[in-house]
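K.L.:
Got a structure for you, target-v7.txt, holding compact mmCIF, C-alpha atoms.
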```txt
# COMPACT_ATOMS: atom_id res chain seq x y z
CA MET A 165 15.24 14.54 0.54
CA LYS A 166 12.74 13.23 -1.98
CA LEU A 167 9.13 12.12 -1.60
CA THR A 168 7.17 10.26 -4.27
CA TRP A 169 3.45 9.50 -4.05
CA LEU A 170 2.47 5.93 -4.89
CA GLY A 171 -1.24 6.74 -4.83
CA HIS A 172 -3.72 6.57 -1.95
CA SER A 173 -1.56 6.63 1.24
CA GLY A 174 1.58 5.11 -0.23
CA PHE A 175 4.84 7.03 -0.45
CA ARG A 176 8.46 6.43 -1.32
CA LEU A 177 10.64 8.55 0.99
CA GLU A 178 14.33 8.99 0.23
CA ILE A 179 15.89 10.40 3.40
CA GLU A 180 19.36 10.13 4.93
CA GLN A 181 20.68 6.71 3.82
CA ALA A 182 17.21 5.16 3.66
CA VAL A 183 14.61 4.59 0.98
CA ILE A 184 11.42 3.95 2.96
CA LEU A 185 8.23 2.66 1.38
CA ILE A 186 5.34 3.92 3.50
CA ASP A 187 2.06 1.95 3.32
CA PRO A 188 2.85 0.42 -0.07
CA TRP A 189 -0.35 -0.67 -1.79
CA LEU A 190 0.48 -1.09 -5.47
CA SER A 191 -1.31 -4.20 -6.77
CA GLY A 192 -4.95 -3.35 -7.33
CA ASN A 193 -4.51 0.30 -6.43
CA PRO A 194 -6.61 2.22 -8.99
CA MET A 195 -4.16 5.11 -8.89
CA PHE A 196 -0.94 3.19 -9.35
CA PRO A 197 0.29 2.22 -12.85
CA ASP A 198 1.44 -1.42 -12.79
CA GLU A 199 4.29 -0.73 -15.19
CA LYS A 200 5.86 1.60 -12.60
CA ARG A 201 6.23 -1.04 -9.88
CA ALA A 202 9.94 -1.75 -10.46
CA GLU A 203 10.69 1.97 -10.39
CA ALA A 204 8.65 2.47 -7.21
CA VAL A 205 10.46 -0.21 -5.20
CA ALA A 206 13.97 0.13 -6.66
CA GLY A 207 16.59 0.48 -3.94
CA ALA A 208 14.09 0.37 -1.08
CA THR A 209 15.75 -0.29 2.28
CA HIS A 210 12.74 -0.37 4.63
CA ILE A 211 8.95 -0.62 4.67
CA LEU A 212 6.90 1.35 7.19
CA VAL A 213 3.23 0.54 7.83
CA THR A 214 0.74 2.62 9.80
CA HIS A 215 -1.89 -0.10 10.38
CA GLY A 216 -3.20 -3.41 9.10
CA HIS A 217 -5.87 -2.46 6.56
CA GLY A 218 -5.25 -3.83 3.08
CA ASP A 219 -5.11 -0.43 1.40
CA HIS A 220 -2.01 0.25 3.51
CA THR A 221 -0.32 -3.15 3.77
CA GLY A 222 -1.29 -4.54 0.35
CA ASP A 223 2.22 -5.10 -1.05
CA ALA A 224 4.26 -4.87 2.14
CA LEU A 225 4.87 -8.59 2.55
CA ALA A 226 5.56 -9.25 -1.13
CA ILE A 227 8.10 -6.43 -1.36
CA ALA A 228 9.74 -7.38 1.95
CA LYS A 229 10.27 -10.95 0.71
CA GLU A 230 11.33 -9.88 -2.77
CA LEU A 231 13.91 -7.32 -1.64
CA LYS A 232 14.74 -8.97 1.70
CA ILE A 233 14.16 -5.74 3.60
CA PRO A 234 12.55 -5.22 7.04
CA VAL A 235 9.04 -4.01 7.76
CA ALA A 236 8.65 -1.60 10.67
CA GLY A 237 5.40 -0.99 12.51
CA ILE A 238 3.25 -1.79 15.51
CA TYR A 239 4.60 -4.75 17.49
CA ASP A 240 1.46 -6.92 17.32
CA LEU A 241 1.23 -6.93 13.53
CA ILE A 242 4.95 -7.15 12.86
CA SER A 243 5.53 -10.01 15.29
CA THR A 244 2.65 -11.93 13.69
CA TRP A 245 4.19 -11.46 10.25
CA GLN A 246 7.59 -12.50 11.54
CA THR A 247 6.13 -15.71 12.95
CA HIS A 248 3.81 -16.65 10.10
CA GLN A 249 5.31 -14.93 7.05
CA GLY A 250 9.03 -15.26 7.81
CA ILE A 251 9.85 -11.63 7.14
CA GLU A 252 12.42 -9.48 8.91
CA GLY A 253 10.55 -7.12 11.17
CA ILE A 254 11.08 -4.11 13.40
CA GLY A 255 8.16 -4.22 15.80
CA TYR A 256 7.76 -1.40 18.31
CA ASN A 257 5.10 0.78 19.89
CA LYS A 258 3.88 4.30 20.66
CA GLY A 259 6.64 6.54 21.95
CA GLY A 260 9.37 4.28 20.57
CA THR A 261 11.94 5.54 18.09
CA VAL A 262 13.86 3.41 15.61
CA ASP A 263 16.73 4.31 13.31
CA LEU A 264 15.96 3.48 9.69
CA GLY A 265 19.08 4.24 7.70
CA GLY A 266 19.83 7.39 9.67
CA ALA A 267 16.22 8.61 9.79
CA LYS A 268 14.77 8.64 13.30
CA VAL A 269 11.20 7.31 13.15
CA THR A 270 9.02 7.79 16.23
CA MET A 271 5.64 6.07 16.45
CA VAL A 272 2.80 8.31 17.62
CA ASN A 273 -0.92 7.90 18.12
CA ALA A 274 -3.68 7.87 15.52
CA SER A 275 -7.44 7.51 15.86
CA HIS A 276 -8.81 4.90 13.46
CA SER A 277 -8.95 1.07 13.53
CA SER A 278 -6.63 -1.73 12.45
CA SER A 279 -7.26 -5.25 11.23
CA ILE A 280 -6.25 -7.78 8.61
CA GLU A 281 -8.60 -10.03 6.70
CA GLY A 282 -9.28 -13.46 8.11
CA ASN A 283 -11.36 -16.42 6.94
CA GLU A 284 -14.16 -15.50 9.34
CA GLY A 285 -13.86 -11.73 9.25
CA PRO A 286 -11.41 -9.05 10.42
CA ILE A 287 -8.57 -10.03 12.75
CA TYR A 288 -7.05 -7.60 15.26
CA ALA A 289 -3.77 -6.21 13.94
CA GLY A 290 -2.47 -4.02 16.75
CA HIS A 291 -3.21 -0.34 17.17
CA GLU A 292 -3.26 2.19 14.34
CA SER A 293 -0.41 4.70 14.38
CA GLY A 294 1.26 7.69 12.80
CA TYR A 295 4.94 8.60 12.61
CA MET A 296 7.31 11.49 13.14
CA ILE A 297 10.25 11.02 10.78
CA ALA A 298 13.30 13.18 11.51
CA GLY A 299 16.16 13.55 9.07
CA GLU A 300 18.05 15.99 6.85
CA GLY A 301 16.96 18.95 8.96
CA HIS A 302 13.24 18.20 8.70
CA VAL A 303 10.57 16.46 10.76
CA ILE A 304 7.79 14.85 8.74
CA TYR A 305 4.49 13.98 10.37
CA VAL A 306 2.88 11.00 8.65
CA SER A 307 -0.63 11.00 10.10
CA GLY A 308 -1.67 7.54 8.98
CA ASP A 309 -5.44 7.14 8.94
CA THR A 310 -6.90 9.36 11.64
CA ASP A 311 -9.42 11.97 12.64
CA ILE A 312 -8.58 15.09 14.60
CA MET A 313 -7.44 14.16 18.10
CA ALA A 314 -6.25 16.09 21.12
CA ASP A 315 -2.93 14.18 21.02
CA MET A 316 -2.01 16.31 18.03
CA GLY A 317 -1.49 19.16 20.50
CA TRP A 318 1.46 17.66 22.34
CA MET A 319 2.70 15.93 19.18
CA GLY A 320 2.99 19.25 17.38
CA GLU A 321 4.57 21.00 20.34
CA TYR A 322 7.04 18.22 21.17
CA HIS A 323 8.15 17.06 17.71
CA ARG A 324 7.64 20.35 15.83
CA PRO A 325 7.15 18.84 12.35
CA ASP A 326 7.55 21.23 9.45
CA ILE A 327 6.08 18.86 6.85
CA GLY A 328 2.70 17.16 7.20
CA ILE A 329 1.54 14.16 5.15
CA LEU A 330 -2.12 14.19 6.12
CA CYS A 331 -4.99 11.85 5.32
CA ALA A 332 -7.77 14.10 4.09
CA GLY A 333 -10.19 12.19 1.88
CA GLY A 334 -13.09 11.96 4.31
CA HIS A 335 -15.47 9.06 5.05
CA PHE A 336 -12.78 6.79 6.54
CA THR A 337 -10.57 9.61 7.86
CA MET A 338 -10.72 13.33 8.48
CA ASP A 339 -11.68 15.33 5.40
CA MET A 340 -9.98 18.35 3.85
CA ASP A 341 -11.67 20.89 6.13
CA ARG A 342 -10.90 18.88 9.28
CA ALA A 343 -7.30 18.30 8.20
CA ALA A 344 -6.86 22.03 7.60
CA TRP A 345 -8.34 22.82 11.03
CA ALA A 346 -6.02 20.32 12.73
CA ALA A 347 -3.01 21.72 10.89
CA ARG A 348 -3.87 25.28 11.97
CA LYS A 349 -4.73 24.34 15.54
CA TYR A 350 -1.93 21.97 16.45
CA PHE A 351 0.97 22.37 14.04
CA ASP A 352 3.19 24.92 12.34
CA PHE A 353 3.69 23.22 9.00
CA LYS A 354 5.58 24.88 6.20
CA THR A 355 4.44 22.20 3.75
CA VAL A 356 1.37 19.95 3.73
CA ILE A 357 0.77 17.04 1.36
CA PRO A 358 -2.67 15.39 1.36
CA CYS A 359 -3.22 11.66 0.88
CA HIS A 360 -5.96 9.02 1.16
CA TYR A 361 -7.96 10.87 -1.46
CA LYS A 362 -8.86 10.57 -5.17
CA THR A 363 -8.61 6.76 -5.03
CA PHE A 364 -12.35 6.06 -5.08
CA PRO A 365 -15.42 8.23 -5.86
CA LEU A 366 -16.32 8.04 -2.15
CA LEU A 367 -13.24 10.12 -1.27
CA ALA A 368 -12.42 13.78 -1.93
CA GLN A 369 -11.17 14.34 -5.45
CA ASP A 370 -9.16 17.52 -4.97
CA ALA A 371 -7.46 19.45 -2.19
CA GLU A 372 -8.94 22.90 -2.76
CA PRO A 373 -10.62 23.05 0.69
CA LEU A 374 -7.29 22.16 2.29
CA LYS A 375 -5.53 24.92 0.36
CA ARG A 376 -8.19 27.47 1.28
CA GLY A 377 -7.95 26.44 4.92
CA LEU A 378 -4.18 26.84 5.11
CA PRO A 379 -3.24 30.29 3.82
CA GLY A 380 0.51 30.82 3.92
CA VAL A 381 1.23 27.08 3.94
CA GLN A 382 2.59 25.34 0.86
CA VAL A 383 -0.04 22.69 0.05
CA ILE A 384 1.28 20.32 -2.59
CA GLU A 385 -1.18 18.10 -4.43
CA PRO A 386 1.09 15.18 -5.30
CA GLU A 387 1.10 13.37 -8.62
CA VAL A 388 1.66 9.63 -8.70
CA MET A 389 5.31 8.72 -9.37
CA VAL A 390 6.39 12.36 -9.70
CA PRO A 391 9.10 13.04 -7.09
CA ILE A 392 8.82 16.05 -4.78
CA SER A 393 12.08 17.53 -3.50
CA LEU A 394 11.81 18.80 0.07
```
Represent the structure of the file as structure tokens.

P.N.:
Amino acid sequence: MKLTWLGHSGFRLEIEQAVILIDPWLSGNPMFPDEKRAEAVAGATHILVTHGHGDHTGDALAIAKELKIPVAGIYDLISTWQTHQGIEGIGYNKGGTVDLGGAKVTMVNASHSSSIEGNEGPIYAGHESGYMIAGEGHVIYVSGDTDIMADMGWMGEYHRPDIGILCAGGHFTMDMDRAAWAARKYFDFKTVIPCHYKTFPLLAQDAEPLKRGLPGVQVIEPEVMVPISL
């Protein structure tokens, strides 16, 4: 199983028979090198989005049309894209599980907001979400954009993820200290990978507080387009 950071909250996950692009924002992403785009999307089989904000959905439609691959996510947003953008979609909701190339992807709750840009302001885009991705003997918790929430208690107990991909940049999401507290309180991660940081000066620029807050846990600060074997 291989995970590659695309900057911000974007990841390329190679798991089972799938190559899943999670929240792919490449064009205009200050962290992503434009010359690496072909490498980032090569062989992708699915796109998975956590919510409608442009820093998570930025290239989802373009890649879906280019590669003719489905986009999975919250029903409201996906059905709108199917109707108006002509993409192949896998729309579902909290508690639902879909099979993406052998990986079992369950949608779980997040605490944030979700919209897409409209001519007269933000347009509702369904509820924000996270995912539990099971495959190759691991369960990965992709938090999406969220703060600490009590739902993490049952999510950790029920799904038992061993790998956490956690938003931790602060301002728009939980910060490094809050992410570390949530990981200690609700989960038993062996590995934690922070995201939604470094992109802008407003966000955290390193993960040292997360590392300090999680003794005994492997905290990996990812590098853009450098694969991590898990």

K.L.:
Just the residues within 12 Å of Asp370 (chain A), please, counting only C-alpha atoms, with nothing from its chain fewer than 4 positions along; format it as a PDB file with C-alpha atoms, in the frame of the given file.

P.N.:
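What follows is the written file selection-v3.pdb:
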```pdb
ATOM      1  CA  ALA A 332      -7.770  14.100   4.090  1.00  0.00           C
ATOM      2  CA  GLY A 333     -10.190  12.190   1.880  1.00  0.00           C
ATOM      3  CA  GLY A 334     -13.090  11.960   4.310  1.00  0.00           C
ATOM      4  CA  ASP A 339     -11.680  15.330   5.400  1.00  0.00           C
ATOM      5  CA  MET A 340      -9.980  18.350   3.850  1.00  0.00           C
ATOM      6  CA  ASP A 341     -11.670  20.890   6.130  1.00  0.00           C
ATOM      7  CA  ILE A 357       0.770  17.040   1.360  1.00  0.00           C
ATOM      8  CA  PRO A 358      -2.670  15.390   1.360  1.00  0.00           C
ATOM      9  CA  CYS A 359      -3.220  11.660   0.880  1.00  0.00           C
ATOM     10  CA  HIS A 360      -5.960   9.020   1.160  1.00  0.00           C
ATOM     11  CA  TYR A 361      -7.960  10.870  -1.460  1.00  0.00           C
ATOM     12  CA  LYS A 362      -8.860  10.570  -5.170  1.00  0.00           C
ATOM     13  CA  THR A 363      -8.610   6.760  -5.030  1.00  0.00           C
ATOM     14  CA  PHE A 364     -12.350   6.060  -5.080  1.00  0.00           C
ATOM     15  CA  PRO A 365     -15.420   8.230  -5.860  1.00  0.00           C
ATOM     16  CA  LEU A 374      -7.290  22.160   2.290  1.00  0.00           C
ATOM     17  CA  LYS A 375      -5.530  24.920   0.360  1.00  0.00           C
ATOM     18  CA  ARG A 376      -8.190  27.470   1.280  1.00  0.00           C
ATOM     19  CA  VAL A 383      -0.040  22.690   0.050  1.00  0.00           C
ATOM     20  CA  ILE A 384       1.280  20.320  -2.590  1.00  0.00           C
ATOM     21  CA  GLU A 385      -1.180  18.100  -4.430  1.00  0.00           C
ATOM     22  CA  PRO A 386       1.090  15.180  -5.300  1.00  0.00           C
ATOM     23  CA  GLU A 387       1.100  13.370  -8.620  1.00  0.00           C
TER      24      GLU A 387
END
```

K.L.:
Produce a table with one row for each residue of region 240-283 of chain A that has an atom at most 8 Å from any atom of region 210-215 of chain A, each row naming the nearest atom pair and its distance in Å at one decimal; use all atoms listed in the file; arrange rows by chain and rising residue number; format as JSON lines.

P.N.:
```
{"residue": "A:Leu264", "atom": "CA", "partner": "A:His210", "partner_atom": "CA", "distance": 7.1}
{"residue": "A:Ser277", "atom": "CA", "partner": "A:His215", "partner_atom": "CA", "distance": 7.8}
{"residue": "A:Ser278", "atom": "CA", "partner": "A:His215", "partner_atom": "CA", "distance": 5.4}
{"residue": "A:Ser279", "atom": "CA", "partner": "A:His215", "partner_atom": "CA", "distance": 7.5}
```

K.L.:
May I ask for the distance between CA of Leu190 (chain A) and CA of Asp223 (chain A), given in Å to one decimal place?

P.N.:
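Atom-to-atom, CA of Leu190 (chain A) to CA of Asp223 (chain A), that is 6.2 Å.
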
K.L.:
Which distance in Å separates CA of Val356 (chain A) and CA of Leu394 (chain A), to one decimal?

P.N.:
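Separation of CA of Val356 (chain A) and CA of Leu394 (chain A): 11.1 Å.
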
K.L.:
Could you tell me how far CA of Ala347 (chain A) lies from CA of Ser293 (chain A), in Å and to one decimal?

P.N.:
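Pair CA of Ala347 (chain A) / CA of Ser293 (chain A) returns 17.6 Å.
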
K.L.:
Smallest atom-to-atom distance to Arg342 (chain A): which of A:Lys354, A:Leu330, A:Ile392, A:Gly259, using all atoms listed in the file?

P.N.:
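The answer is A:Leu330, which sits nearest to Arg342 (chain A).
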
K.L.:
Could you check the closest approach to Ala204 (chain A) for each of A:Ala371, A:Val235, A:Leu170, A:Leu241 and tell me which residue wins, using only C-alpha atoms?

P.N.:
A:Leu170

K.L.:
Nearest residue to Lys200 (chain A) out of A:Leu177, A:Ala267, A:Ile287, A:Gly171, using all atoms listed in the file?

P.N.:
A:Gly171

K.L.:
Counting all atoms listed in the file, figure out which residue out of A:Met338, A:Ile329, A:Val388, A:Ala346 gets nearest to Ala314 (chain A).

P.N.:
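Closest to Ala314 (chain A) of all the choices is A:Ala346.
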
K.L.:
Which is closest to Gln382 (chain A) among A:Ile233, A:Ala202, A:Ile327, A:Leu367, if we use only C-alpha atoms?

P.N.:
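Using only C-alpha atoms, the shortest distance to Gln382 (chain A) belongs to A:Ile327.
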
K.L.:
From the list A:Ala206, A:Ile242, A:Leu366, A:Met165, which residue is nearest Gly290 (chain A) when using only C-alpha atoms?

P.N.:
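The answer is A:Ile242, which sits nearest to Gly290 (chain A).
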
K.L.:
For the point (10.3, -11.6, 11.7) in the file's frame, write as a list in words all residues with an atom no more than 8 Å away, counting only C-alpha atoms.

P.N.:
Ile242, Ser243, Thr244, Trp245, Gln246, Thr247, Gln249, Gly250, Ile251, Glu252, Gly253 and Ile254 of chain A

K.L.:
Excluding His291 (chain A) and any residue of its chain fewer than 3 positions from it, enumerate the residues within 12 Å of it, using all atoms listed in the file, and give them as a PyMOL selection string.

P.N.:
chain A and resi 213-217+237-242+256-258+271-280+287-288+294+308-310
